[in-house]
Amino acid sequence: MNSAKKYDLEDRLIEFAIRIIELVEELPKTRAGNHIAGQLIRCGTSPALNYGEVQSSESQKDFIHKMKIILKELRETNICLKIIERKPLIKQSQRRDKIIKECNELISIFVSSVRTAQKSKERVKKS
């Protein structure tokens, strides 16, 4: 059951990266559009790529560190999406709204996962 959840999250991160790529391709070819596109393509695809490293963590400390990196990248992605929305660099779209929603959900998942792992690490220390 646990491995099924792992792969669901992996698939979800891959799908998120694909949606980010598609959104980046909609951005205007202006100075601002190109800047945000470059930043968003890096931080928006990074969580899926880093998740592979999480699965090969060498210790609980390493696991937590790698999960925090994913969380940082998701938060950076969220800021890029807010800039795109507030500027606006692309017209209002369901695609953008769905990506923002998914980004927020992924952030919540990783915040929860990091907290759980940190609590588990603390319990092991106290034993």
# chains A, B, ... in the order shown; residues from 1 in each chain; ligands from 1
$ residues_around --residues "A:Leu23" --least-positions-apart "5" --cutoff "12 Å" --atoms "only C-alpha atoms" --output "PyMOL selection string"
chain A and resi 16-18+28+33+36-38+40-41+44-45+77+80-81+84-85+89-100
$ residues_around --residues "A:Ser108" --least-positions-apart "6" --cutoff "12 Å" --atoms "only C-alpha atoms" --output "VMD selection string"
chain A and resid 70 to 71 74 to 75 101 to 102 114 to 115
$ write_last_selection --atoms "C-alpha atoms" --output "short mmCIF file (atom, residue, chain, number, x, y, z; two decimals), in the first residue's frame"
data_model
loop_
_atom_site.label_atom_id
_atom_site.label_comp_id
_atom_site.auth_asym_id
_atom_site.auth_seq_id
_atom_site.Cartn_x
_atom_site.Cartn_y
_atom_site.Cartn_z
CA ILE A 70 11.25 19.85 -3.00
CA LEU A 71 9.16 22.06 -0.72
CA LEU A 74 7.29 24.18 -4.93
CA ARG A 75 7.10 27.45 -2.97
CA LYS A 101 -4.41 24.56 -7.06
CA GLU A 102 -2.16 21.55 -7.62
CA VAL A 114 8.40 16.82 6.44
CA ARG A 115 6.63 17.34 9.78
#
$ closest_residue --among "A:Glu15, A:Glu25, A:Asp8, A:Glu58" --to "A:Cys103" --atoms "only C-alpha atoms"
A:Glu15
$ closest_residue --among "A:Asn104, A:Asn78, A:Gln60, A:Asn34" --to "A:Lys125" --atoms "only C-alpha atoms"
A:Gln60
$ select_by_dssp --residues "stretch 14-118 of chain A" --states "helix (DSSP H, G or I)" --output "number ranges by chain"
A: 14-26, 31-54, 60-86, 94-118
$ write_last_selection --atoms "C-alpha atoms" --output "tab-separated table (two decimals), in the first residue's frame"
chain	number	residue	atom	x	y	z
A	14	ILE	CA	5.60	14.26	-13.18
A	15	GLU	CA	2.16	15.40	-14.34
A	16	PHE	CA	2.70	18.71	-12.52
A	17	ALA	CA	6.04	19.18	-14.32
A	18	ILE	CA	4.36	18.52	-17.68
A	19	ARG	CA	1.64	21.07	-16.91
A	20	ILE	CA	4.30	23.60	-15.92
A	21	ILE	CA	6.09	23.02	-19.25
A	22	GLU	CA	2.82	23.56	-21.13
A	23	LEU	CA	2.13	26.77	-19.18
A	24	VAL	CA	5.65	28.06	-19.85
A	25	GLU	CA	5.05	27.56	-23.57
A	26	GLU	CA	2.05	29.93	-23.30
A	31	ARG	CA	11.79	40.14	-21.55
A	32	ALA	CA	9.53	39.50	-18.53
A	33	GLY	CA	7.90	36.44	-20.08
A	34	ASN	CA	11.27	34.89	-20.91
A	35	HIS	CA	12.64	35.60	-17.43
A	36	ILE	CA	9.67	34.06	-15.64
A	37	ALA	CA	9.59	31.18	-18.13
A	38	GLY	CA	13.21	30.28	-17.40
A	39	GLN	CA	12.71	30.46	-13.66
A	40	LEU	CA	9.42	28.56	-13.74
A	41	ILE	CA	10.73	25.77	-15.96
A	42	ARG	CA	13.56	25.15	-13.46
A	43	CYS	CA	11.63	25.33	-10.20
A	44	GLY	CA	8.43	23.79	-11.59
A	45	THR	CA	10.08	20.65	-12.95
A	46	SER	CA	12.58	20.28	-10.11
A	47	PRO	CA	10.20	18.63	-7.59
A	48	ALA	CA	9.61	15.63	-9.87
A	49	LEU	CA	13.33	15.25	-10.51
A	50	ASN	CA	14.28	15.65	-6.86
A	51	TYR	CA	11.66	13.13	-5.81
A	52	GLY	CA	13.80	10.44	-7.41
A	53	GLU	CA	16.61	11.46	-5.06
A	54	VAL	CA	14.24	11.28	-2.08
A	60	GLN	CA	16.34	9.96	7.70
A	61	LYS	CA	18.24	13.26	7.92
A	62	ASP	CA	19.00	13.05	4.18
A	63	PHE	CA	15.35	12.20	3.47
A	64	ILE	CA	14.13	15.27	5.38
A	65	HIS	CA	16.70	17.50	3.67
A	66	LYS	CA	15.67	16.34	0.19
A	67	MET	CA	11.97	16.70	1.01
A	68	LYS	CA	12.66	20.27	2.15
A	69	ILE	CA	14.39	20.99	-1.17
A	70	ILE	CA	11.25	19.85	-3.00
A	71	LEU	CA	9.16	22.06	-0.72
A	72	LYS	CA	11.39	25.07	-1.44
A	73	GLU	CA	11.07	24.48	-5.18
A	74	LEU	CA	7.29	24.18	-4.93
A	75	ARG	CA	7.10	27.45	-2.97
A	76	GLU	CA	9.25	29.17	-5.59
A	77	THR	CA	6.96	27.77	-8.29
A	78	ASN	CA	3.97	29.13	-6.38
A	79	ILE	CA	5.50	32.63	-6.35
A	80	CYS	CA	6.17	32.45	-10.11
A	81	LEU	CA	2.56	31.41	-10.68
A	82	LYS	CA	1.34	34.34	-8.57
A	83	ILE	CA	3.47	36.74	-10.63
A	84	ILE	CA	2.01	35.31	-13.84
A	85	GLU	CA	-1.49	35.68	-12.39
A	86	ARG	CA	-1.08	39.20	-11.02
A	94	GLN	CA	-8.47	27.02	-16.32
A	95	ARG	CA	-5.05	25.48	-16.96
A	96	ARG	CA	-3.29	28.14	-14.87
A	97	ASP	CA	-5.89	27.90	-12.10
A	98	LYS	CA	-5.55	24.10	-11.96
A	99	ILE	CA	-1.77	24.36	-11.77
A	100	ILE	CA	-1.99	26.86	-8.91
A	101	LYS	CA	-4.41	24.56	-7.06
A	102	GLU	CA	-2.16	21.55	-7.62
A	103	CYS	CA	0.92	23.48	-6.48
A	104	ASN	CA	-0.84	24.43	-3.24
A	105	GLU	CA	-1.93	20.82	-2.68
A	106	LEU	CA	1.60	19.54	-3.28
A	107	ILE	CA	2.99	22.11	-0.85
A	108	SER	CA	0.53	20.87	1.78
A	109	ILE	CA	1.53	17.25	1.15
A	110	PHE	CA	5.24	18.00	1.50
A	111	VAL	CA	4.79	20.21	4.58
A	112	SER	CA	2.91	17.35	6.21
A	113	SER	CA	5.48	14.77	5.11
A	114	VAL	CA	8.40	16.82	6.44
A	115	ARG	CA	6.63	17.34	9.78
A	116	THR	CA	5.86	13.64	10.08
A	117	ALA	CA	9.46	12.69	9.26
A	118	GLN	CA	10.82	15.24	11.75
$ atom_distance --atom1 "atom CA of A:Ser59" --atom2 "atom CA of A:Leu13"
22.5 Å
